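For reference, start.cif is printed below; it contains mmCIF, C-alpha atoms.
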data_data
loop_
_atom_site.group_PDB
_atom_site.id
_atom_site.type_symbol
_atom_site.label_atom_id
_atom_site.label_comp_id
_atom_site.auth_asym_id
_atom_site.auth_seq_id
_atom_site.Cartn_x
_atom_site.Cartn_y
_atom_site.Cartn_z
ATOM 1 C CA MET A 8 16.170 27.032 10.071
ATOM 2 C CA SER A 9 19.035 24.566 9.901
ATOM 3 C CA HIS A 10 18.514 21.181 8.317
ATOM 4 C CA ALA A 11 19.192 19.507 11.661
ATOM 5 C CA ALA A 12 16.211 21.427 13.092
ATOM 6 C CA TYR A 13 13.892 19.914 10.461
ATOM 7 C CA VAL A 14 15.140 16.446 11.399
ATOM 8 C CA ALA A 15 14.589 17.252 15.096
ATOM 9 C CA ILE A 16 11.011 18.430 14.392
ATOM 10 C CA ALA A 17 10.262 15.212 12.461
ATOM 11 C CA TYR A 18 11.566 12.960 15.242
ATOM 12 C CA GLY A 19 9.891 15.124 17.888
ATOM 13 C CA ALA A 20 6.541 14.811 16.121
ATOM 14 C CA ALA A 21 7.039 11.040 15.848
ATOM 15 C CA ALA A 22 7.831 10.723 19.572
ATOM 16 C CA LEU A 23 4.873 12.907 20.530
ATOM 17 C CA LEU A 24 2.280 11.214 18.315
ATOM 18 C CA ILE A 25 3.382 7.623 18.961
ATOM 19 C CA GLY A 26 3.932 8.312 22.677
ATOM 20 C CA GLY A 27 0.450 9.826 22.912
ATOM 21 C CA LEU A 28 -1.055 6.844 21.102
ATOM 22 C CA ILE A 29 0.640 4.358 23.446
ATOM 23 C CA VAL A 30 -0.455 6.282 26.563
ATOM 24 C CA TRP A 31 -4.042 6.549 25.259
ATOM 25 C CA ILE A 32 -4.312 2.814 24.474
ATOM 26 C CA ILE A 33 -2.849 1.787 27.850
ATOM 27 C CA THR A 34 -5.170 4.208 29.711
ATOM 28 C CA ASP A 35 -8.154 2.876 27.748
ATOM 29 C CA GLN A 36 -7.242 -0.737 28.613
ATOM 30 C CA ARG A 37 -6.835 0.050 32.306
ATOM 31 C CA ALA A 38 -10.086 2.033 32.519
ATOM 32 C CA ARG A 39 -12.091 -0.774 30.878
ATOM 33 C CA LYS A 40 -10.512 -3.422 33.115
ATOM 34 C CA ARG A 41 -11.376 -1.315 36.146
ATOM 35 C CA GLU A 42 -14.992 -0.945 34.997
ATOM 36 C CA ILE A 43 -15.303 -4.714 34.579
ATOM 37 C CA ALA A 44 -13.825 -5.279 38.031
ATOM 38 C CA GLU A 45 -16.280 -2.766 39.541
ATOM 39 C CA LEU A 46 -19.258 -4.370 37.819
ATOM 40 C CA GLU A 47 -18.142 -7.829 38.927
ATOM 41 C CA ALA A 48 -17.702 -6.553 42.473
ATOM 42 C CA ARG A 49 -21.354 -5.415 42.349
ATOM 43 C CA GLY A 50 -22.316 -8.957 41.440
ATOM 44 C CA VAL A 51 -22.916 -8.448 37.704
ATOM 45 C CA ARG A 52 -21.834 -11.542 35.806
ATOM 46 C CA ARG A 53 -21.564 -12.096 32.096
ATOM 47 C CA ARG A 54 -23.624 -14.990 30.811
ATOM 48 C CA ALA A 55 -20.558 -16.487 29.131
ATOM 49 C CA LYS A 56 -18.516 -16.447 32.314
ATOM 50 C CA ALA A 57 -19.739 -19.798 33.641
ATOM 51 C CA LYS A 58 -19.066 -21.473 30.309
ATOM 52 C CA GLU A 59 -15.613 -19.955 30.081
ATOM 53 C CA ASN A 60 -14.749 -21.298 33.507
ATOM 54 C CA ALA A 61 -15.973 -24.726 32.506
ATOM 55 C CA GLU A 62 -13.858 -24.665 29.355
ATOM 56 C CA MET B 26 -37.496 -17.685 19.800
ATOM 57 C CA ASN B 27 -35.945 -21.110 19.640
ATOM 58 C CA ASN B 28 -33.068 -21.148 22.063
ATOM 59 C CA ALA B 29 -31.246 -24.296 21.038
ATOM 60 C CA PRO B 30 -29.721 -23.315 17.671
ATOM 61 C CA ALA B 31 -28.922 -19.788 18.898
ATOM 62 C CA GLN B 32 -26.863 -21.123 21.760
ATOM 63 C CA PRO B 33 -23.719 -22.356 19.923
ATOM 64 C CA SER B 34 -23.341 -19.139 17.915
ATOM 65 C CA ARG B 35 -23.670 -17.001 21.017
ATOM 66 C CA TRP B 36 -21.182 -19.244 22.739
ATOM 67 C CA MET B 37 -18.767 -18.843 19.823
ATOM 68 C CA ALA B 38 -19.192 -15.095 19.777
ATOM 69 C CA LEU B 39 -18.263 -14.781 23.417
ATOM 70 C CA ALA B 40 -15.737 -17.587 23.647
ATOM 71 C CA ASN B 41 -13.621 -16.407 20.740
ATOM 72 C CA PRO B 42 -12.728 -13.020 22.279
ATOM 73 C CA THR B 43 -11.884 -14.792 25.535
ATOM 74 C CA ARG B 44 -9.492 -17.110 23.768
ATOM 75 C CA PHE B 45 -8.122 -14.089 21.900
ATOM 76 C CA ILE B 46 -7.361 -12.300 25.165
ATOM 77 C CA ALA B 47 -5.657 -15.388 26.609
ATOM 78 C CA LEU B 48 -3.558 -15.676 23.456
ATOM 79 C CA THR B 49 -2.577 -11.990 23.409
ATOM 80 C CA ASP B 50 -1.713 -12.165 27.119
ATOM 81 C CA ARG B 51 1.115 -14.479 26.133
ATOM 82 C CA LEU B 52 1.977 -12.831 22.804
ATOM 83 C CA LEU B 53 2.030 -9.114 23.683
ATOM 84 C CA PRO B 54 5.151 -9.000 25.913
ATOM 85 C CA TRP B 55 7.192 -10.685 23.165
ATOM 86 C CA LEU B 56 5.788 -8.530 20.405
ATOM 87 C CA GLY B 57 6.308 -5.332 22.397
ATOM 88 C CA THR B 58 9.887 -6.286 23.220
ATOM 89 C CA ALA B 59 10.588 -7.130 19.573
ATOM 90 C CA ALA B 60 9.178 -3.731 18.510
ATOM 91 C CA ALA B 61 11.308 -1.845 21.033
ATOM 92 C CA ALA B 62 14.475 -3.794 20.139
ATOM 93 C CA LEU B 63 13.985 -3.436 16.360
ATOM 94 C CA LEU B 64 13.250 0.288 16.679
ATOM 95 C CA ALA B 65 16.282 0.842 18.912
ATOM 96 C CA VAL B 66 18.609 -0.995 16.513
ATOM 97 C CA GLY B 67 16.974 0.549 13.429
ATOM 98 C CA LEU B 68 17.203 4.125 14.701
ATOM 99 C CA TRP B 69 20.759 3.632 15.938
ATOM 100 C CA LEU B 70 21.749 2.328 12.482
ATOM 101 C CA ALA B 71 19.804 5.183 10.869
ATOM 102 C CA PHE B 72 21.964 7.726 12.671
ATOM 103 C CA GLN B 73 25.110 5.748 11.811
ATOM 104 C CA ALA B 74 24.163 5.625 8.125
ATOM 105 C CA PRO B 75 25.862 8.120 5.826
ATOM 106 C CA GLU B 76 24.172 11.411 5.011
ATOM 107 C CA ASP B 77 22.792 11.794 1.514
ATOM 108 C CA TYR B 78 25.154 13.466 -0.975
ATOM 109 C CA GLN B 79 22.346 15.804 -2.062
ATOM 110 C CA GLN B 80 19.945 15.944 0.876
ATOM 111 C CA GLY B 81 22.524 15.962 3.650
ATOM 112 C CA ILE B 82 21.166 15.295 7.128
ATOM 113 C CA THR B 83 17.486 15.681 6.135
ATOM 114 C CA VAL B 84 17.585 12.162 4.678
ATOM 115 C CA ARG B 85 17.310 10.973 8.300
ATOM 116 C CA ILE B 86 13.631 11.991 8.183
ATOM 117 C CA MET B 87 13.200 9.045 5.809
ATOM 118 C CA TYR B 88 13.593 6.541 8.663
ATOM 119 C CA VAL B 89 10.335 7.710 10.272
ATOM 120 C CA HIS B 90 8.533 9.051 7.208
ATOM 121 C CA VAL B 91 8.706 5.895 5.080
ATOM 122 C CA PRO B 92 7.669 3.440 7.854
ATOM 123 C CA ALA B 93 4.819 5.794 8.887
ATOM 124 C CA ALA B 94 3.577 6.008 5.299
ATOM 125 C CA TRP B 95 3.899 2.237 4.879
ATOM 126 C CA LEU B 96 1.885 1.672 8.068
ATOM 127 C CA ALA B 97 -0.754 4.188 6.961
ATOM 128 C CA MET B 98 -1.449 1.870 4.013
ATOM 129 C CA PHE B 99 -0.813 -1.416 5.862
ATOM 130 C CA CYS B 100 -3.259 -0.436 8.602
ATOM 131 C CA TYR B 101 -5.931 0.423 6.046
ATOM 132 C CA THR B 102 -5.347 -2.900 4.280
ATOM 133 C CA THR B 103 -5.751 -4.688 7.637
ATOM 134 C CA MET B 104 -9.009 -2.813 8.131
ATOM 135 C CA ALA B 105 -10.233 -3.753 4.644
ATOM 136 C CA ALA B 106 -9.494 -7.428 5.407
ATOM 137 C CA SER B 107 -11.373 -7.018 8.700
ATOM 138 C CA ALA B 108 -14.276 -5.453 6.800
ATOM 139 C CA LEU B 109 -14.453 -8.602 4.661
ATOM 140 C CA GLY B 110 -14.404 -10.625 7.891
ATOM 141 C CA THR B 111 -17.429 -8.672 9.114
ATOM 142 C CA LEU B 112 -19.424 -8.735 5.870
ATOM 143 C CA VAL B 113 -18.589 -12.242 4.593
ATOM 144 C CA TRP B 114 -17.904 -14.388 7.656
ATOM 145 C CA LYS B 115 -19.491 -12.252 10.401
ATOM 146 C CA HIS B 116 -16.458 -13.013 12.542
ATOM 147 C CA PRO B 117 -17.013 -11.518 16.001
ATOM 148 C CA LEU B 118 -13.483 -10.104 16.185
ATOM 149 C CA ALA B 119 -13.432 -8.560 12.694
ATOM 150 C CA ASP B 120 -15.330 -5.428 13.675
ATOM 151 C CA VAL B 121 -13.284 -5.154 16.873
ATOM 152 C CA SER B 122 -10.161 -5.235 14.698
ATOM 153 C CA LEU B 123 -11.465 -2.593 12.281
ATOM 154 C CA LYS B 124 -12.631 -0.217 15.008
ATOM 155 C CA ALA B 125 -9.430 -0.605 17.055
ATOM 156 C CA ALA B 126 -7.148 -0.081 14.045
ATOM 157 C CA ALA B 127 -8.711 3.179 12.801
ATOM 158 C CA PRO B 128 -7.192 5.625 15.352
ATOM 159 C CA ILE B 129 -3.799 3.921 15.020
ATOM 160 C CA GLY B 130 -3.925 4.250 11.223
ATOM 161 C CA ALA B 131 -4.989 7.883 11.520
ATOM 162 C CA THR B 132 -2.024 8.593 13.809
ATOM 163 C CA PHE B 133 0.508 7.024 11.444
ATOM 164 C CA THR B 134 -1.064 8.811 8.453
ATOM 165 C CA ALA B 135 -0.815 12.122 10.311
ATOM 166 C CA LEU B 136 2.798 11.301 11.145
ATOM 167 C CA ALA B 137 3.570 10.532 7.481
ATOM 168 C CA LEU B 138 1.980 13.844 6.447
ATOM 169 C CA ILE B 139 3.795 15.876 9.128
ATOM 170 C CA THR B 140 7.234 14.310 8.568
ATOM 171 C CA GLY B 141 6.736 14.581 4.794
ATOM 172 C CA SER B 142 5.905 18.245 5.141
ATOM 173 C CA VAL B 143 8.920 18.881 7.380
ATOM 174 C CA TRP B 144 11.081 17.070 4.810
ATOM 175 C CA GLY B 145 9.472 18.925 1.885
ATOM 176 C CA LYS B 146 10.227 22.394 3.221
ATOM 177 C CA PRO B 147 14.058 22.133 3.109
ATOM 178 C CA MET B 148 14.164 19.846 0.019
ATOM 179 C CA TRP B 149 11.339 21.092 -2.217
ATOM 180 C CA GLY B 150 11.061 24.598 -0.814
ATOM 181 C CA THR B 151 7.447 24.111 0.240
ATOM 182 C CA TRP B 152 5.545 22.541 3.127
ATOM 183 C CA TRP B 153 2.728 21.300 0.943
ATOM 184 C CA VAL B 154 1.526 20.942 -2.639
ATOM 185 C CA TRP B 155 -1.833 19.608 -3.785
ATOM 186 C CA ASP B 156 -0.325 16.973 -6.035
ATOM 187 C CA ALA B 157 -1.438 13.375 -6.501
ATOM 188 C CA ARG B 158 0.632 11.636 -3.798
ATOM 189 C CA LEU B 159 0.141 14.232 -1.081
ATOM 190 C CA THR B 160 -3.543 14.721 -1.817
ATOM 191 C CA SER B 161 -4.310 10.983 -1.957
ATOM 192 C CA VAL B 162 -2.620 10.457 1.434
ATOM 193 C CA PHE B 163 -4.562 13.418 2.826
ATOM 194 C CA VAL B 164 -7.759 11.764 1.542
ATOM 195 C CA LEU B 165 -6.664 8.580 3.350
ATOM 196 C CA PHE B 166 -6.352 10.614 6.557
ATOM 197 C CA LEU B 167 -9.860 12.029 6.091
ATOM 198 C CA MET B 168 -11.195 8.515 5.478
ATOM 199 C CA TYR B 169 -9.662 7.325 8.736
ATOM 200 C CA LEU B 170 -11.404 10.201 10.531
ATOM 201 C CA GLY B 171 -14.696 9.323 8.822
ATOM 202 C CA ILE B 172 -14.397 5.666 9.844
ATOM 203 C CA ILE B 173 -13.514 6.653 13.419
ATOM 204 C CA ALA B 174 -16.628 8.849 13.562
ATOM 205 C CA LEU B 175 -18.807 6.158 11.993
ATOM 206 C CA THR B 176 -17.675 3.366 14.340
ATOM 207 C CA ARG B 177 -18.391 5.547 17.360
ATOM 208 C CA SER B 178 -21.580 7.344 16.388
ATOM 209 C CA MET B 179 -24.156 4.521 16.425
ATOM 210 C CA ASP B 180 -25.594 2.772 19.460
ATOM 211 C CA ASP B 181 -26.429 -0.344 17.476
ATOM 212 C CA GLN B 182 -23.099 -2.157 17.244
ATOM 213 C CA ALA B 183 -24.136 -4.501 14.414
ATOM 214 C CA LYS B 184 -25.365 -1.593 12.286
ATOM 215 C CA ALA B 185 -22.227 0.457 12.945
ATOM 216 C CA ALA B 186 -20.055 -2.564 12.096
ATOM 217 C CA LYS B 187 -21.766 -3.078 8.744
ATOM 218 C CA ALA B 188 -21.672 0.613 7.790
ATOM 219 C CA ALA B 189 -17.999 0.945 8.743
ATOM 220 C CA ALA B 190 -17.114 -2.243 6.864
ATOM 221 C CA ILE B 191 -18.798 -1.034 3.677
ATOM 222 C CA MET B 192 -17.192 2.411 3.957
ATOM 223 C CA THR B 193 -13.754 0.850 4.558
ATOM 224 C CA LEU B 194 -14.061 -1.452 1.543
ATOM 225 C CA VAL B 195 -15.222 1.349 -0.752
ATOM 226 C CA GLY B 196 -12.324 3.495 0.452
ATOM 227 C CA PHE B 197 -9.811 0.727 -0.262
ATOM 228 C CA ILE B 198 -9.679 1.930 -3.884
ATOM 229 C CA ASN B 199 -7.510 4.766 -2.558
ATOM 230 C CA ILE B 200 -4.656 2.407 -1.556
ATOM 231 C CA PRO B 201 -3.504 1.473 -5.107
ATOM 232 C CA ILE B 202 -4.080 5.111 -6.081
ATOM 233 C CA ILE B 203 -1.643 6.217 -3.342
ATOM 234 C CA LYS B 204 0.897 3.554 -4.335
ATOM 235 C CA PHE B 205 0.876 4.376 -8.052
ATOM 236 C CA SER B 206 0.121 8.118 -7.807
ATOM 237 C CA VAL B 207 3.823 8.872 -8.242
ATOM 238 C CA ASP B 208 3.879 6.952 -11.546
ATOM 239 C CA TRP B 209 0.531 8.045 -12.957
ATOM 240 C CA TRP B 210 0.718 11.795 -12.354
ATOM 241 C CA ASN B 211 3.254 14.578 -12.148
ATOM 242 C CA THR B 212 4.314 15.122 -8.578
ATOM 243 C CA LEU B 213 7.094 16.584 -6.471
ATOM 244 C CA HIS B 214 7.223 13.314 -4.583
ATOM 245 C CA GLN B 215 9.912 10.887 -5.697
ATOM 246 C CA PRO B 216 8.819 7.581 -7.302
ATOM 247 C CA ALA B 217 9.063 4.269 -5.430
ATOM 248 C CA SER B 218 12.620 3.353 -4.462
ATOM 249 C CA VAL B 219 12.141 0.346 -2.171
ATOM 250 C CA MET B 220 9.194 -1.715 -3.439
ATOM 251 C CA ARG B 221 10.010 -1.844 -7.147
ATOM 252 C CA LEU B 222 9.845 -4.723 -9.580
ATOM 253 C CA ASP B 223 13.505 -4.177 -10.526
ATOM 254 C CA GLY B 224 14.685 -4.045 -6.912
ATOM 255 C CA PRO B 225 15.432 -1.166 -4.543
ATOM 256 C CA THR B 226 17.344 1.836 -5.837
ATOM 257 C CA ILE B 227 18.570 2.954 -2.404
ATOM 258 C CA HIS B 228 22.131 2.149 -1.421
ATOM 259 C CA PRO B 229 22.331 -0.785 1.058
ATOM 260 C CA SER B 230 23.929 1.528 3.663
ATOM 261 C CA MET B 231 20.582 3.339 3.918
ATOM 262 C CA LEU B 232 18.281 0.506 2.859
ATOM 263 C CA TRP B 233 19.109 -1.799 5.775
ATOM 264 C CA PRO B 234 18.460 0.745 8.541
ATOM 265 C CA LEU B 235 15.236 1.643 6.722
ATOM 266 C CA ILE B 236 14.109 -1.996 6.519
ATOM 267 C CA ILE B 237 14.844 -2.563 10.228
ATOM 268 C CA CYS B 238 12.989 0.631 11.155
ATOM 269 C CA ALA B 239 10.038 -0.469 9.010
ATOM 270 C CA LEU B 240 10.007 -3.891 10.723
ATOM 271 C CA GLY B 241 10.163 -2.177 14.132
ATOM 272 C CA PHE B 242 7.287 0.154 13.260
ATOM 273 C CA THR B 243 5.263 -2.820 11.958
ATOM 274 C CA ALA B 244 5.867 -4.761 15.189
ATOM 275 C CA LEU B 245 4.841 -1.630 17.113
ATOM 276 C CA PHE B 246 1.654 -1.361 15.055
ATOM 277 C CA LEU B 247 0.777 -5.032 15.659
ATOM 278 C CA THR B 248 1.389 -4.589 19.405
ATOM 279 C CA LEU B 249 -0.775 -1.461 19.601
ATOM 280 C CA HIS B 250 -3.483 -2.992 17.424
ATOM 281 C CA LEU B 251 -3.758 -6.089 19.635
ATOM 282 C CA MET B 252 -3.803 -3.887 22.754
ATOM 283 C CA ALA B 253 -6.516 -1.655 21.297
ATOM 284 C CA MET B 254 -8.526 -4.760 20.311
ATOM 285 C CA ARG B 255 -8.378 -6.011 23.900
ATOM 286 C CA ALA B 256 -9.563 -2.625 25.171
ATOM 287 C CA GLU B 257 -12.427 -2.735 22.646
ATOM 288 C CA ILE B 258 -13.443 -6.267 23.713
ATOM 289 C CA TRP B 259 -13.492 -5.111 27.325
ATOM 290 C CA ARG B 260 -15.474 -2.002 26.360
ATOM 291 C CA ARG B 261 -18.132 -4.241 24.780
ATOM 292 C CA ARG B 262 -18.179 -6.467 27.845
ATOM 293 C CA VAL B 263 -18.793 -3.435 30.047
ATOM 294 C CA VAL B 264 -21.719 -2.407 27.827
ATOM 295 C CA ALA B 265 -23.144 -5.950 27.932
ATOM 296 C CA MET B 266 -22.718 -6.178 31.700
ATOM 297 C CA ARG B 267 -24.326 -2.769 32.281
ATOM 298 C CA ARG B 268 -27.263 -3.790 30.119
ATOM 299 C CA MET B 269 -27.637 -7.004 32.068
ATOM 300 C CA SER B 270 -27.511 -5.234 35.405
ATOM 301 C CA ALA B 271 -30.098 -2.699 34.187
ATOM 302 C CA ARG B 272 -32.363 -5.530 33.069
ATOM 303 C CA ARG B 273 -31.986 -7.231 36.422
ATOM 304 C CA ALA B 274 -32.792 -4.011 38.232
ATOM 305 C CA GLU B 275 -35.897 -3.609 36.063
ATOM 306 C CA ARG B 276 -37.039 -7.147 36.845
ATOM 307 C CA GLN B 277 -36.583 -6.571 40.528
ATOM 308 C CA ALA B 278 -38.526 -3.313 40.392
ATOM 309 C CA SER B 279 -41.508 -4.808 38.612
#
Encoded form using structure tokens:
Amino acid sequence: MSHAAYVAIAYGAAALLIGGLIVWIITDQRARKREIAELEARGVRRRAKAKENAE
Amino acid sequence: MNNAPAQPSRWMALANPTRFIALTDRLLPWLGTAAAALLAVGLWLAFQAPEDYQQGITVRIMYVHVPAAWLAMFCYTTMAASALGTLVWKHPLADVSLKAAAPIGATFTALALITGSVWGKPMWGTWWVWDARLTSVFVLFLMYLGIIALTRSMDDQAKAAKAAAIMTLVGFINIPIIKFSVDWWNTLHQPASVMRLDGPTIHPSMLWPLIICALGFTALFLTLHLMAMRAEIWRRRVVAMRRMSARRAERQAS
């Protein structure tokens, strides 16, 4: 294998791992936000909500 | 139970994450942009920098390997500080920080191991040796996996937080071992060449791109960590809201 190939593998692995991490964190955020929105739509309120609004 | 004294602490516990989310709402776009800009400039400079007179083009692996390894240790140090926050001050966000950081640290540790291995093959003639530096970083990776499992395996959040905090603090002993492993034992890995008491031994033409890449990776880590913390806060809210709705349903049924 040429030395350039080793460099390409290293940068490829970096792009794959970091890209995967970013996608996972964004998906996680969106899914949790959606769950909260669904629960709120069903009328579930957090106890702190009223206080936060008053703040 | 007396409700009055419990009220302010509960208020604090819930109000702090809310303020945190409002703060990160404003901070994250800037931090993310800074990370992207620093990484773009750093990597561009890295590919403009001269090749090494001995290592040739493979020295370019340094610009991801070194920042990844630095973040592997920086992330663990952040988690150890968070563990203190949980055990000493019982700060409501400390455990959120520890739990959110673990998968990010594991990813950067894996990246340091993979890029190191890919660099080792052409330069040392081997993918892997069980020497002090490589083994201690591998142990760090296993510890990240252990902490990830521990933070996600218990239903009782307070118990999980305490166990993970203790495990993280005990494991912190590994960080100085990693740092000084190249001085204390025989290893194929080169000794420190950036963070040295007598100053860096890398030529400025390679040091500056490396420093900018490291800053970019650090900004990226901070961005991802804050994002993961927000997701974790929301996850806990969902659990709390589900519990409340279940309780309400029970009350209505009885």
Practice prompt. Skip Ala15 (chain A) itself and residues of its chain fewer than 3 positions away, then list as a list of chain:residue names all residues within 12 Å of it, counting only C-alpha atoms.
Written response: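 Contacts, with the query itself left out: A:Met8, A:Ser9, A:His10, A:Ala11, A:Ala12, A:Tyr18, A:Gly19, A:Ala20, A:Ala21, A:Ala22, A:Leu23, B:Ile82, B:Thr83, B:Val84, B:Arg85, B:Ile86, B:Val89, B:Thr140, B:Val143, B:Trp144.
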Worksheet item: CA of Pro42 (chain B) to CA of Leu118 (chain B): how many Å, to one decimal?
Response: 6.8 Å
Worksheet entry | Two-atom distance - CA of Phe205 (chain B), CA of Ala17 (chain A) (Å) | 25.0 Å
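Restricting the calculation to all atoms listed in the file, the smallest distance between Ala244 (chain B) and any of B:Thr43, B:Phe99, B:Arg177, B:Trp69 is found for B:Phe99.
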Exercise answer, chain A residues close to chain B, 9 Å and only C-alpha atoms, as a compact mmCIF listing (two decimals) with C-alpha atoms, in the frame of the given file:
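The new file iface.txt reads:
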# COMPACT_ATOMS: atom_id res chain seq x y z
CA MET A 8 16.17 27.03 10.07
CA SER A 9 19.04 24.57 9.90
CA HIS A 10 18.51 21.18 8.32
CA ALA A 11 19.19 19.51 11.66
CA TYR A 13 13.89 19.91 10.46
CA VAL A 14 15.14 16.45 11.40
CA ALA A 15 14.59 17.25 15.10
CA ILE A 16 11.01 18.43 14.39
CA ALA A 17 10.26 15.21 12.46
CA TYR A 18 11.57 12.96 15.24
CA ALA A 20 6.54 14.81 16.12
CA ALA A 21 7.04 11.04 15.85
CA LEU A 24 2.28 11.21 18.32
CA ILE A 25 3.38 7.62 18.96
CA LEU A 28 -1.06 6.84 21.10
CA ILE A 29 0.64 4.36 23.45
CA ILE A 32 -4.31 2.81 24.47
CA ILE A 33 -2.85 1.79 27.85
CA ASP A 35 -8.15 2.88 27.75
CA GLN A 36 -7.24 -0.74 28.61
CA ARG A 37 -6.84 0.05 32.31
CA ALA A 38 -10.09 2.03 32.52
CA ARG A 39 -12.09 -0.77 30.88
CA LYS A 40 -10.51 -3.42 33.12
CA GLU A 42 -14.99 -0.94 35.00
CA ILE A 43 -15.30 -4.71 34.58
CA LEU A 46 -19.26 -4.37 37.82
CA GLU A 47 -18.14 -7.83 38.93
CA GLY A 50 -22.32 -8.96 41.44
CA VAL A 51 -22.92 -8.45 37.70
CA ARG A 52 -21.83 -11.54 35.81
CA ARG A 53 -21.56 -12.10 32.10
CA ARG A 54 -23.62 -14.99 30.81
CA ALA A 55 -20.56 -16.49 29.13
CA LYS A 58 -19.07 -21.47 30.31
CA GLU A 59 -15.61 -19.95 30.08
Worksheet item: For this file, the PyMOL selection byres ((chain B and resi 228) around 12) selects which residues, as a VMD selection string?
Response: chain B and resid 74 to 78 218 to 219 224 to 227 229 to 235
Worksheet item: Please, what distance in Å, to one decimal, runs between CA of Ala183 (chain B) and CA of Ser107 (chain B)?
Response: 14.2 Å
Discussion item. What's around Val154 (chain B) at 10 Å? Count all atoms listed in the file, leave out sequence neighbours fewer than 2 positions away in its own chain, and write the answer as number ranges by chain.
Written reply: B: 142, 145, 149, 151-152, 156-160, 212-214
Worksheet item: Neighbours of Thr134 (chain B) within 9 Å (only C-alpha atoms; same-chain residues fewer than 4 positions away dropped), as a PyMOL selection string?
Response: chain B and resi 93-98+129-130+138-139+162-163+165-166+169
Worksheet item: With distances taken over all atoms listed in the file, which of B:Thr176, B:Thr111, B:Thr103, B:Asn41 is nearest to Ala126 (chain B)?
Response: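 Comparing B:Thr176, B:Thr111, B:Thr103, B:Asn41 against Ala126 (chain B), the winner is B:Thr103.
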Worksheet entry | Residue members of the PyMOL selection byres ((chain B and resi 59) around 12) in the file shown, as a list in words |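 What the PyMOL selection byres ((chain B and resi 59) around 12) grabs from the file is Leu52, Leu53, Pro54, Trp55, Leu56, Gly57, Thr58, Ala60, Ala61, Ala62, Leu63, Leu64, Ala65, Val66, Gly67, Ile237, Cys238, Leu240, Gly241, Phe242, Thr243, Ala244, Leu245, Phe246, Leu247 and Thr248 of chain B.
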Residues as selected, C-alpha atoms, written as a PDB file, in the frame of the given file, can you do that?
ATOM      1  CA  LEU B  52       1.977 -12.831  22.804  1.00  0.00           C
ATOM      2  CA  LEU B  53       2.030  -9.114  23.683  1.00  0.00           C
ATOM      3  CA  PRO B  54       5.151  -9.000  25.913  1.00  0.00           C
ATOM      4  CA  TRP B  55       7.192 -10.685  23.165  1.00  0.00           C
ATOM      5  CA  LEU B  56       5.788  -8.530  20.405  1.00  0.00           C
ATOM      6  CA  GLY B  57       6.308  -5.332  22.397  1.00  0.00           C
ATOM      7  CA  THR B  58       9.887  -6.286  23.220  1.00  0.00           C
ATOM      8  CA  ALA B  60       9.178  -3.731  18.510  1.00  0.00           C
ATOM      9  CA  ALA B  61      11.308  -1.845  21.033  1.00  0.00           C
ATOM     10  CA  ALA B  62      14.475  -3.794  20.139  1.00  0.00           C
ATOM     11  CA  LEU B  63      13.985  -3.436  16.360  1.00  0.00           C
ATOM     12  CA  LEU B  64      13.250   0.288  16.679  1.00  0.00           C
ATOM     13  CA  ALA B  65      16.282   0.842  18.912  1.00  0.00           C
ATOM     14  CA  VAL B  66      18.609  -0.995  16.513  1.00  0.00           C
ATOM     15  CA  GLY B  67      16.974   0.549  13.429  1.00  0.00           C
ATOM     16  CA  ILE B 237      14.844  -2.563  10.228  1.00  0.00           C
ATOM     17  CA  CYS B 238      12.989   0.631  11.155  1.00  0.00           C
ATOM     18  CA  LEU B 240      10.007  -3.891  10.723  1.00  0.00           C
ATOM     19  CA  GLY B 241      10.163  -2.177  14.132  1.00  0.00           C
ATOM     20  CA  PHE B 242       7.287   0.154  13.260  1.00  0.00           C
ATOM     21  CA  THR B 243       5.263  -2.820  11.958  1.00  0.00           C
ATOM     22  CA  ALA B 244       5.867  -4.761  15.189  1.00  0.00           C
ATOM     23  CA  LEU B 245       4.841  -1.630  17.113  1.00  0.00           C
ATOM     24  CA  PHE B 246       1.654  -1.361  15.055  1.00  0.00           C
ATOM     25  CA  LEU B 247       0.777  -5.032  15.659  1.00  0.00           C
ATOM     26  CA  THR B 248       1.389  -4.589  19.405  1.00  0.00           C
TER      27      THR B 248
END
Discussion item. Could you list, as a list in words, every residue matched by the PyMOL selection byres ((chain B and resi 191) around 12) in this structure?
Written reply: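 For this structure, the PyMOL selection byres ((chain B and resi 191) around 12) captures Met104, Ala105, Ala106, Ser107, Ala108, Leu109, Gly110, Thr111, Leu112, Val113, Asp120, Leu123, Ile172, Leu175, Thr176, Lys184, Ala185, Ala186, Lys187, Ala188, Ala189, Ala190, Met192, Thr193, Leu194, Val195, Gly196 and Phe197 of chain B.
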